[in-house]
Structure formats: C-alpha cells, structure tokens
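Below is one structure, written out as structure tokens; the observations come after it.
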Amino acid sequence: MITLLTDFGYQDVYVGILHGMICRINPNVPIVDLTHGIPPQDCYTASFQLRQATPYFPTDTIHVVVVDPGVGSSRRGVAIQTTQGILVGPDNGCFTGVIDQAKIIQAVALTNSKYWATSIPSHTFHGRDIFAPVAAHLVLGIDLTALGHLINPDLLVRLPGLETVETPSGWCGHLQAIDHFGNLISTLPGSLCHPTATVTYQNLALPMATTYSDVPPQHPVALIGSHGWLEIALNQGHAAQQYNAQIGDIVYLNLS
Amino acid sequence: MITLLTDFGYQDVYVGILHGMICRINPNVPIVDLTHGIPPQDCYTASFQLRQATPYFPTDTIHVVVVDPGVGSSRRGVAIQTTQGILVGPDNGCFTGVIDQAKIIQAVALTNSKYWATSIPSHTFHGRDIFAPVAAHLVLGIDLTALGHLINPDLLVRLPGLETVETPSGWCGHLQAIDHFGNLISTLPGSLCHPTATVTYQNLALPMATTYSDVPPQHPVALIGSHGWLEIALNQGHAAQQYNAQIGDIVYLNLS
Amino acid sequence: MITLLTDFGYQDVYVGILHGMICRINPNVPIVDLTHGIPPQDCYTASFQLRQATPYFPTDTIHVVVVDPGVGSSRRGVAIQTTQGILVGPDNGCFTGVIDQAKIIQAVALTNSKYWATSIPSHTFHGRDIFAPVAAHLVLGIDLTALGHLINPDLLVRLPGLETVETPSGWCGHLQAIDHFGNLISTLPGSLCHPTATVTYQNLALPMATTYSDVPPQHPVALIGSHGWLEIALNQGHAAQQYNAQIGDIVYLNLS
C-alpha cells in the first residue's frame, strides 16, 4: 500500500498525476490520500501529520511525502525503512515526527535513476518524476538498497521541536498543531496527565476531562486527544477562533 | 464496498487514518469517500447528504458516517441493515434521511468489542477505533448480529424535519440544503410539481423550468433537481449568495 | 482505469455518486480523482487541467470530465478516442487542451441510451446518468462505436486560446492559469526559452532560472514549470497574491 501526503491542495491535477505515475508502474496498488491540505512548504506540519497517521497503517506501507520547498536544489531525496513503514520524499525534516517515534532500519539516498520516471527529472516536481515512481517500484518488491547508496540515519535532517520543560508544579509545553475542528494540540504527552491535573492556557484554568461533551456546548475542555497529546477544545465549537490561538502558544500542565 | 462520510475536512490525516484502519483488516475492499466536507458536528447536513447518495450504491454497501458531536458520551454506536445498504456510525440522527426513504431490516448497538480496533477505545475518535473496524469486518462477512445486541428500530434517533404543509393554492416548504454551486434545495418533492406550477421564493415568482440553461446566464430558475427535490438556482451563478439564502427559508409551490 | 475531473467541489456527495455509478457497473475498476476543484462552469480551466494530466496516464485510461454549464440543453455528450486516452463528457470545449496535444482517432456522440444509467436521464446531472455509466462500460470493453454515431472530429467544440505572438525581441504571451501555490503559468512554451532569455511581467524583469530556490525566499523567479510552460513564481511565496495576477495578464519573453 502507498499513502500520499502533500501540500498540493485540491484545485490542480498534481495529486492526480502522482496517482497516474504510480498506476503506470503498478496498476493494482491501493493508494490512500492522507491529506493534500498541508500548508504550502510547511515541513513542520507535514511532520506532525505523518506522525499521527503511520501507526494506523500496515508496517509494509510506503508513505510518500511531497512537501518540498527545496525541490531541484542540492537537498537529497531519501527512502527510510522504519518500524512504521518506508518513508519516501525529500530529506528536509518532514519525516522528523515518524523517526522520533519509530525505529530506523536503514536509509538510502535516491540516486539510482533507473527507478525514476525519467533519467533527467524536472527541477520542480520530484513527486512526479522520482518519489511516486520509486514508491511504486518498492511495492513491486525492489530492495531499498537498489534505489541508491546507504546513508547514515543520524545525518537525516530533523526539525527542531518546541520545548517541553518541567516546572515546579508540573510541565510547560506549547501548541504544536491546530486541527480542522479548531482543537488545540499541545506538545504535552497524555502520559504526563493525571485525572486530577489542571491545564492553564491563556486565562483559562481547566480540569482534565475525558471527552468533549463532558462540558456544555461552546465551553472549553482539556483532554487527552485521540493522537495521545494533551488537547484543548471547545465542545461543538472552534477553540482556535475563540482564543485566537497560535502554534507555539504556551500551555501549562499543573500536577500539584 | 465501504463509503465514508465525515466532517473531518481535508487538512488533517483523520480521513487517511480511517482508510488505514479498514485496510489493515481488509486490504482489498474498495473505499469511496462520499464527502468529508460536512460542517463540523452538523448531523442534519450529514443526514441530507447520505440520503442523496445511498440509492446509487449497491445494496450491500457499508456506509460509515462519522459526524459525532457526542463521541465518548452515552450516545450509542449502531449498525443498521436497510434496503439501501448497511449504515454504521453514531445513533445521533445522521441516518434519519436514509431510514426515511429505505426499509430497516434490523439494527444492532455496537457493543461487542471483539470487532473494534481495541477493547478500550479512545473517548474522542470512535470512527478510528470502532466504526471503521466494524465496517471492515462486515465486508469480510461477519453477521450484523455478531456486532452487538438487536435494538428496536423505532427507537433510533431521528432528527425533526422542516415542515412541508398544504396551502389553499399548493404547498409551503423550506430550504433544506444549499450545495457547492449555491443551488437552493427545498423540502418540496419533485412529484408535487406540475409543469404549470409556479414557485415563490423571497420576491421571485418563477415558472417551472427543466434545466438551468432554460433561462439566460445569471437568471433564476426553478426546476426539479437531480436529487428529486424542487430546486431554485441561478443559471451559471450562485443563487445562495445572490439571495443571501438560509437553510429554513420558506418556499411556496403554487399549483393553481 | 477511469479518471474524474469536475467542478463539484468537496462539500456534497456528487463526486461520491459518480464513484457509486461506476462501481455498480464495474466494481473493480481503479478510479483516480484528478480534481473536483475546477471553478464552477469553468470549461477553460477544465481544459487546462486535463491537458496537464493525460500524458501521465496509461493510454487506455478513460478520462471523464463533468464541467457542464449546458447540461440538459442541446449540447451533445461525446466520447473521443485519442492517443492520450478516451475522453468522455460534454462537447463544450473542456477537451480543447487534450485534443490540441494528442491525436484524435475517432469520436462519437453519446446517443445510445443502452449504456446510460437510465433511458430517461435527468436534465441536470449527466455525469451520474450518462458519462459515468458510459465510462464504466468502456472499461468493460464496449466498443466506442456502440455508444452512438461517429462524428466529425473537426466539429468538436474548441475554446479559443489566448494569443501568443512573436515580437521583434522575442514572444508575447499571457497568463493562462494560476495554481494552488500561486504560481503563474503562461502560454509561452518552455521550448521557446533560452537560458539567457529574460522575462518581463508587470514591472519585473527576470532572468531565466532553473528552480524556485535559485532565488532567496519571497523573491520572484522565472522558470520552465513541471508542465512545460514558462512560469513565474515567488520562492516559498504566493506570486498571484503578491502581484494581484489575473488570467490573461501579458508576459514577455525577451530573447535578445
């Protein structure tokens, strides 16, 4: 199986072209569109979103990411075999989230043009010319090491994360993502949260709840989200709009 | 076959995760995304949209709906076998439209955790943990009654509809939906409309037409839409913007 | 394989219904959604987008377009066999781009209702009632000529293009499209561009570059895009917003 995660949006045929390139090489492979709504060139959000998805796919899935501000420059293309699937895309940090939580088995730089769509790829669309064809060949059973030379996994580009630090009364983290529902997803792992903890965000002091409807509609609530992070939400409302939330905003978890 | 209809939008990987959960259990089942653009928590629109789609699918299709403001509360999850497919999702009224137009064969509450992704599901994402896995198992041939205990179909939650009443000169209905094109879809069934009828909406008095291009571009037109309801449109324009239309607006059908 | 390209957007189930109609006739055919984000009734953009995609699909692919302002009028439905796949949809110019670049083998008017969903189609949704069913039958191996009578390919509707003319110093073209990234795609073929050429757009004079990151972030750049046209972009920015660009804007290519 192949998944696709890009910043291509939904108005052009760029996503359709990726599907076409895969189907030409391997017409029977199932393709899942994770999302094509990553903000343009936003490797940080790509990393966060991919990290959320990989645990729910078979471990032999090929995950292709095309969020690629440096396309055509010297940034390299990579394929990374991990315990949560094989990752294919630019080496620009968009795999940071997955390689934080999974184990890397081996990684290669994509230098063997035999598995590309053309030996002279375009300078602006490596998703079409390199990453999608490479993924289709991997599903056909090509060995990872046929795609190029092995590289040191420690040298893969990793994005710096937002800091989470211990405080006298608990932990201090940040908002790392805002989802379609306007829910605010922090960097604080749910494993840190006790049922008696409280959460401070802006001027709110919130006890930990279990689900959205533990509070009346349009009231704020803190809970462990489905992704495993501490989340702040507005029941049946849009917390991000209500609180003018920004990625990076500080969130305190108070344990005492 | 499985279809998915949610309010997840297109920016996150929540939809992709549903696909992953299904493929892990049943890698070969075709999955159709009906839409993921239902407004957040809007069971009424979910019901309207699903009702439009089910007649065009094979009768053994599994239709999964995840529009679920009460997730994690005491609202139950259900699977409903009907003459228009098996419906899987929360019992919150989002199936009202289909069970209005189809015959219910049997219904169960989803209580058997054997067919869930985990025996302890999250409190906020039953689409991933319960509904998608249950659908994948149904396609594998699991009997509906294995999923939980039978429930009385009369007790399924139904959303109240907008009233349609007879008047001295015809019928009075409401706008029940506005589509992507800005077309205004009323609650008045096309079967009530005679070719000589006229339609009154706001200050417009419109004869019945057959198709959009029966009037010049940007002119209003009343016709029986592809869904079978009386519809008001602006040929090659956006009626909802032009008339500042709202769900619930009154529409008269004049037969005399 | 079948591809779909429409102006249906992502909020309604109209796209899902096309999938259902195809699966009822032919449950195993892979379906690729090229895009459903064509602006409503915009045959010009449909033509541009389809033209970009067809070269990347197998030549026996069926490409269905439903951008159909004249649905239900006397405009005819057609199936056109070309060297870049079979095109199915309304004869309103949306195939102009493909038939400009591919060779037409034969074309038929869709008059044989045996291959429609119903012998009395709706007046407003021929995608559902005619084009999707016809495509599904074509994949099953029905001969093109069974779908209706042969028509003269020279009489297919073609949209007028934006003019590209030679000037004393090079070429004068126009913007023909703006993509999701805000990149400005001109009518000037990349084959006209020499490495030493310069491009004039609004008050900008730009040397030809190879890729976006040849200039610093937020700086303008001219290059040959992945589609093969001369393109003007803002590295990691949105050129269309920055320059308030409009389709039709003049672009000069200076060769001397």
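Scheme for the structure tokens: letters A, B, ... for chains in order shown; per-chain residue numbers from 1; ligand numbers from 1 in order shown.
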Residues of chain A at most 7 Å from chain C: nearest atom pair and distance in Å, only C-alpha atoms, as JSON lines:
{"residue": "A:Phe8", "atom": "CA", "partner": "C:His180", "partner_atom": "CA", "distance": 6.8}
{"residue": "A:Gly9", "atom": "CA", "partner": "C:His180", "partner_atom": "CA", "distance": 6.3}
{"residue": "A:Tyr10", "atom": "CA", "partner": "C:Gly37", "partner_atom": "CA", "distance": 5.9}
{"residue": "A:Gln11", "atom": "CA", "partner": "C:Gly37", "partner_atom": "CA", "distance": 4.3}
{"residue": "A:Asp12", "atom": "CA", "partner": "C:Thr35", "partner_atom": "CA", "distance": 6.1}
{"residue": "A:Val13", "atom": "CA", "partner": "C:Leu34", "partner_atom": "CA", "distance": 5.1}
{"residue": "A:Val15", "atom": "CA", "partner": "C:Leu34", "partner_atom": "CA", "distance": 6.9}
{"residue": "A:Gly16", "atom": "CA", "partner": "C:Leu34", "partner_atom": "CA", "distance": 4.2}
{"residue": "A:Ile17", "atom": "CA", "partner": "C:Ala53", "partner_atom": "CA", "distance": 5.8}
{"residue": "A:His19", "atom": "CA", "partner": "C:Val32", "partner_atom": "CA", "distance": 6.8}
{"residue": "A:Gly20", "atom": "CA", "partner": "C:Phe57", "partner_atom": "CA", "distance": 4.9}
{"residue": "A:Met21", "atom": "CA", "partner": "C:Tyr56", "partner_atom": "CA", "distance": 6.0}
{"residue": "A:Arg24", "atom": "CA", "partner": "C:Pro58", "partner_atom": "CA", "distance": 6.0}
{"residue": "A:Pro40", "atom": "CA", "partner": "C:Phe181", "partner_atom": "CA", "distance": 6.8}
{"residue": "A:Gln41", "atom": "CA", "partner": "C:Gln236", "partner_atom": "CA", "distance": 6.6}
{"residue": "A:Pro69", "atom": "CA", "partner": "C:Gln236", "partner_atom": "CA", "distance": 6.4}
{"residue": "A:Gly70", "atom": "CA", "partner": "C:Ser213", "partner_atom": "CA", "distance": 6.0}
{"residue": "A:Gly72", "atom": "CA", "partner": "C:Thr211", "partner_atom": "CA", "distance": 5.8}
{"residue": "A:Ser73", "atom": "CA", "partner": "C:Ser213", "partner_atom": "CA", "distance": 6.6}
{"residue": "A:Ser122", "atom": "CA", "partner": "C:Ser226", "partner_atom": "CA", "distance": 6.1}
{"residue": "A:His123", "atom": "CA", "partner": "C:Thr211", "partner_atom": "CA", "distance": 5.6}
{"residue": "A:Thr124", "atom": "CA", "partner": "C:Ser226", "partner_atom": "CA", "distance": 5.8}
{"residue": "A:Phe125", "atom": "CA", "partner": "C:Ser226", "partner_atom": "CA", "distance": 5.9}
Would you mind exporting the chosen residues as a PDB file, in the first residue's frame, restricted to N, CA, C and O atoms?
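Output file selection.pdb follows:
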ATOM      1  N   PHE A   8      -0.229  19.961  -2.041  1.00  0.00           N
ATOM      2  CA  PHE A   8      -0.684  20.295  -3.400  1.00  0.00           C
ATOM      3  C   PHE A   8      -2.067  20.926  -3.434  1.00  0.00           C
ATOM      4  O   PHE A   8      -2.468  21.471  -4.458  1.00  0.00           O
ATOM      5  N   GLY A   9      -2.843  20.808  -2.342  1.00  0.00           N
ATOM      6  CA  GLY A   9      -4.198  21.327  -2.365  1.00  0.00           C
ATOM      7  C   GLY A   9      -5.090  20.502  -3.271  1.00  0.00           C
ATOM      8  O   GLY A   9      -4.714  19.420  -3.746  1.00  0.00           O
ATOM      9  N   TYR A  10      -6.272  21.048  -3.547  1.00  0.00           N
ATOM     10  CA  TYR A  10      -7.304  20.265  -4.231  1.00  0.00           C
ATOM     11  C   TYR A  10      -7.805  20.913  -5.518  1.00  0.00           C
ATOM     12  O   TYR A  10      -8.751  20.454  -6.107  1.00  0.00           O
ATOM     13  N   GLN A  11      -7.152  21.999  -5.964  1.00  0.00           N
ATOM     14  CA  GLN A  11      -7.671  22.667  -7.160  1.00  0.00           C
ATOM     15  C   GLN A  11      -6.966  22.242  -8.438  1.00  0.00           C
ATOM     16  O   GLN A  11      -7.496  22.438  -9.525  1.00  0.00           O
ATOM     17  N   ASP A  12      -5.754  21.683  -8.329  1.00  0.00           N
ATOM     18  CA  ASP A  12      -4.982  21.315  -9.517  1.00  0.00           C
ATOM     19  C   ASP A  12      -4.960  19.794  -9.688  1.00  0.00           C
ATOM     20  O   ASP A  12      -5.462  19.063  -8.842  1.00  0.00           O
ATOM     21  N   VAL A  13      -4.343  19.339 -10.785  1.00  0.00           N
ATOM     22  CA  VAL A  13      -4.273  17.896 -11.033  1.00  0.00           C
ATOM     23  C   VAL A  13      -2.960  17.285 -10.551  1.00  0.00           C
ATOM     24  O   VAL A  13      -2.655  16.144 -10.879  1.00  0.00           O
ATOM     25  N   VAL A  15      -2.059  16.093  -7.665  1.00  0.00           N
ATOM     26  CA  VAL A  15      -2.289  14.845  -6.931  1.00  0.00           C
ATOM     27  C   VAL A  15      -2.672  13.724  -7.899  1.00  0.00           C
ATOM     28  O   VAL A  15      -2.169  12.602  -7.813  1.00  0.00           O
ATOM     29  N   GLY A  16      -3.563  14.041  -8.824  1.00  0.00           N
ATOM     30  CA  GLY A  16      -3.971  13.039  -9.813  1.00  0.00           C
ATOM     31  C   GLY A  16      -2.782  12.510 -10.604  1.00  0.00           C
ATOM     32  O   GLY A  16      -2.711  11.314 -10.927  1.00  0.00           O
ATOM     33  N   ILE A  17      -1.834  13.394 -10.907  1.00  0.00           N
ATOM     34  CA  ILE A  17      -0.643  12.970 -11.655  1.00  0.00           C
ATOM     35  C   ILE A  17       0.192  11.981 -10.833  1.00  0.00           C
ATOM     36  O   ILE A  17       0.710  11.001 -11.376  1.00  0.00           O
ATOM     37  N   HIS A  19      -1.006   9.841  -8.721  1.00  0.00           N
ATOM     38  CA  HIS A  19      -1.729   8.571  -8.863  1.00  0.00           C
ATOM     39  C   HIS A  19      -1.429   7.927 -10.216  1.00  0.00           C
ATOM     40  O   HIS A  19      -1.206   6.720 -10.309  1.00  0.00           O
ATOM     41  N   GLY A  20      -1.440   8.747 -11.260  1.00  0.00           N
ATOM     42  CA  GLY A  20      -1.184   8.213 -12.599  1.00  0.00           C
ATOM     43  C   GLY A  20       0.199   7.593 -12.717  1.00  0.00           C
ATOM     44  O   GLY A  20       0.369   6.506 -13.288  1.00  0.00           O
ATOM     45  N   MET A  21       1.192   8.274 -12.150  1.00  0.00           N
ATOM     46  CA  MET A  21       2.568   7.764 -12.227  1.00  0.00           C
ATOM     47  C   MET A  21       2.694   6.418 -11.520  1.00  0.00           C
ATOM     48  O   MET A  21       3.400   5.512 -11.986  1.00  0.00           O
ATOM     49  N   ARG A  24       0.828   3.625 -13.558  1.00  0.00           N
ATOM     50  CA  ARG A  24       1.505   3.187 -14.773  1.00  0.00           C
ATOM     51  C   ARG A  24       2.518   2.089 -14.476  1.00  0.00           C
ATOM     52  O   ARG A  24       2.739   1.196 -15.288  1.00  0.00           O
ATOM     53  N   PRO A  40       1.315  25.241   2.148  1.00  0.00           N
ATOM     54  CA  PRO A  40       2.445  25.199   1.216  1.00  0.00           C
ATOM     55  C   PRO A  40       3.802  25.315   1.912  1.00  0.00           C
ATOM     56  O   PRO A  40       4.008  26.216   2.741  1.00  0.00           O
ATOM     57  N   GLN A  41       4.689  24.373   1.569  1.00  0.00           N
ATOM     58  CA  GLN A  41       6.092  24.377   2.046  1.00  0.00           C
ATOM     59  C   GLN A  41       6.238  24.172   3.554  1.00  0.00           C
ATOM     60  O   GLN A  41       7.314  24.396   4.098  1.00  0.00           O
ATOM     61  N   PRO A  69       9.999  22.457  -0.382  1.00  0.00           N
ATOM     62  CA  PRO A  69      10.424  23.803  -0.786  1.00  0.00           C
ATOM     63  C   PRO A  69      11.779  23.838  -1.488  1.00  0.00           C
ATOM     64  O   PRO A  69      12.030  24.740  -2.273  1.00  0.00           O
ATOM     65  N   GLY A  70      12.626  22.850  -1.241  1.00  0.00           N
ATOM     66  CA  GLY A  70      13.953  22.864  -1.860  1.00  0.00           C
ATOM     67  C   GLY A  70      14.061  22.019  -3.113  1.00  0.00           C
ATOM     68  O   GLY A  70      15.169  21.690  -3.548  1.00  0.00           O
ATOM     69  N   GLY A  72      14.711  20.511  -6.524  1.00  0.00           N
ATOM     70  CA  GLY A  72      15.621  20.936  -7.588  1.00  0.00           C
ATOM     71  C   GLY A  72      16.926  21.509  -7.077  1.00  0.00           C
ATOM     72  O   GLY A  72      17.844  21.760  -7.855  1.00  0.00           O
ATOM     73  N   SER A  73      17.038  21.741  -5.772  1.00  0.00           N
ATOM     74  CA  SER A  73      18.302  22.218  -5.183  1.00  0.00           C
ATOM     75  C   SER A  73      19.150  21.007  -4.809  1.00  0.00           C
ATOM     76  O   SER A  73      18.870  19.881  -5.215  1.00  0.00           O
ATOM     77  N   SER A 122      12.480  16.704 -13.857  1.00  0.00           N
ATOM     78  CA  SER A 122      12.251  18.149 -13.823  1.00  0.00           C
ATOM     79  C   SER A 122      12.928  18.732 -12.585  1.00  0.00           C
ATOM     80  O   SER A 122      13.311  18.012 -11.664  1.00  0.00           O
ATOM     81  N   HIS A 123      13.050  20.053 -12.565  1.00  0.00           N
ATOM     82  CA  HIS A 123      13.645  20.722 -11.407  1.00  0.00           C
ATOM     83  C   HIS A 123      12.596  21.142 -10.383  1.00  0.00           C
ATOM     84  O   HIS A 123      12.939  21.708  -9.359  1.00  0.00           O
ATOM     85  N   THR A 124      11.330  20.894 -10.674  1.00  0.00           N
ATOM     86  CA  THR A 124      10.282  21.446  -9.817  1.00  0.00           C
ATOM     87  C   THR A 124       9.211  20.443  -9.399  1.00  0.00           C
ATOM     88  O   THR A 124       8.295  20.807  -8.670  1.00  0.00           O
ATOM     89  N   PHE A 125       9.278  19.182  -9.827  1.00  0.00           N
ATOM     90  CA  PHE A 125       8.216  18.241  -9.473  1.00  0.00           C
ATOM     91  C   PHE A 125       8.813  16.834  -9.297  1.00  0.00           C
ATOM     92  O   PHE A 125       8.561  15.936 -10.088  1.00  0.00           O
TER      93      PHE A 125
END
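The list of residues with at least one atom within 8 Å of region 107-114 of chain C, based on only C-alpha atoms and without residues fewer than 4 positions apart in the same chain, reads Arg76, Gly77, Val78, Ala79, Ile80, Gln81, Thr118, Ser119, Leu144, Thr145, Ala146, Leu147, Gly148, His149, Leu150, Ile151, Asn152 and Pro153 of chain C.
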Practice problem: Would you return as a list in words the members of region 61-141 of chain A that DSSP assigns to alpha helix (DSSP H) on this structure's backbone? | Solution: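 Those residues are Thr96, Gly97, Val98, Ile99, Asp100, Gln101, His126, Ala132, Pro133, Val134, Ala135, Ala136, His137, Leu138 and Val139 of chain A.
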Quick check for you: according to DSSP on this backbone, which residues of region 114-214 of chain A are classed as strand (DSSP E or B)? Reply as an mmCIF file with C-alpha atoms, in the first residue's frame.
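What follows is the written file states.cif:
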data_model
loop_
_atom_site.group_PDB
_atom_site.id
_atom_site.type_symbol
_atom_site.label_atom_id
_atom_site.label_comp_id
_atom_site.auth_asym_id
_atom_site.auth_seq_id
_atom_site.Cartn_x
_atom_site.Cartn_y
_atom_site.Cartn_z
ATOM 1 C CA LEU A 150 23.059 3.759 2.118
ATOM 2 C CA VAL A 165 10.121 21.599 30.202
ATOM 3 C CA GLU A 166 9.428 20.539 33.758
ATOM 4 C CA THR A 167 8.274 23.279 36.134
ATOM 5 C CA GLY A 170 4.237 20.260 36.503
ATOM 6 C CA TRP A 171 5.115 20.855 32.854
ATOM 7 C CA CYS A 172 5.243 23.700 30.383
ATOM 8 C CA GLY A 173 4.630 22.938 26.718
ATOM 9 C CA HIS A 174 3.355 24.624 23.562
ATOM 10 C CA LEU A 175 0.641 24.312 20.957
ATOM 11 C CA GLN A 176 2.122 22.245 18.147
ATOM 12 C CA ALA A 177 -0.927 21.997 15.874
ATOM 13 C CA ILE A 178 -4.474 23.216 15.304
ATOM 14 C CA LEU A 184 -5.535 22.907 20.031
ATOM 15 C CA ILE A 185 -2.985 20.109 20.165
ATOM 16 C CA SER A 186 -0.133 20.628 22.595
ATOM 17 C CA THR A 187 3.336 19.109 22.844
ATOM 18 C CA LEU A 188 2.448 17.607 26.242
ATOM 19 C CA PRO A 189 2.107 13.830 26.053
ATOM 20 C CA THR A 198 -5.344 21.091 35.635
ATOM 21 C CA VAL A 199 -4.370 22.896 32.477
ATOM 22 C CA THR A 200 -3.670 26.591 32.076
ATOM 23 C CA TYR A 201 -3.955 28.209 28.657
ATOM 24 C CA LEU A 204 -8.316 29.540 31.259
ATOM 25 C CA ALA A 205 -7.818 27.073 34.119
ATOM 26 C CA LEU A 206 -9.286 23.765 33.038
ATOM 27 C CA PRO A 207 -9.637 20.489 34.904
ATOM 28 C CA MET A 208 -8.855 17.367 32.878
#
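Across the model, the gap from CA of Pro168 (chain C) to CA of Ser256 (chain C) is 9.0 Å.
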Quiz item: Using only C-alpha atoms, which residues sit within 9 Å of Lys103 (chain A) once same-chain residues fewer than 6 positions away are excluded, as a list in words?
Solution: Gln81, Thr82, Thr83 and Gln84 of chain A
Exercise. Figure out the distance between CA of Leu253 (chain B) and CA of Ser169 (chain B), please, to one decimal in Å.
Key: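 CA of Leu253 (chain B) lies 8.0 Å from CA of Ser169 (chain B).
Separating CA of Gln202 (chain A) from CA of Trp229 (chain A) is a distance of 18.3 Å.
Residues in contact with Asp129 (chain C) at up to 6 Å, not including ones fewer than 3 positions away on its chain and judged by only C-alpha atoms, are C:Trp116, C:Ala117, C:Pro121, C:His126.
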Would you output that residue set with C-alpha atoms, as a PDB file, in the first residue's frame?
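Full text of selection11.pdb as output:
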ATOM      1  CA  TRP C 116     -26.702   5.026 -19.703  1.00  0.00           C
ATOM      2  CA  ALA C 117     -27.965   4.545 -16.146  1.00  0.00           C
ATOM      3  CA  PRO C 121     -31.700  10.800 -17.860  1.00  0.00           C
ATOM      4  CA  HIS C 126     -25.494  13.799 -16.901  1.00  0.00           C
TER       5      HIS C 126
END
Exercise. For Val64 (chain C), work out the shell of residues within 8 Å, counting only C-alpha atoms and skipping chain neighbours fewer than 2 positions away, then give it as JSON, numbers by chain.
Key: {"C": [2, 3, 4, 5, 62, 66, 87, 88, 89, 131, 132, 135]}
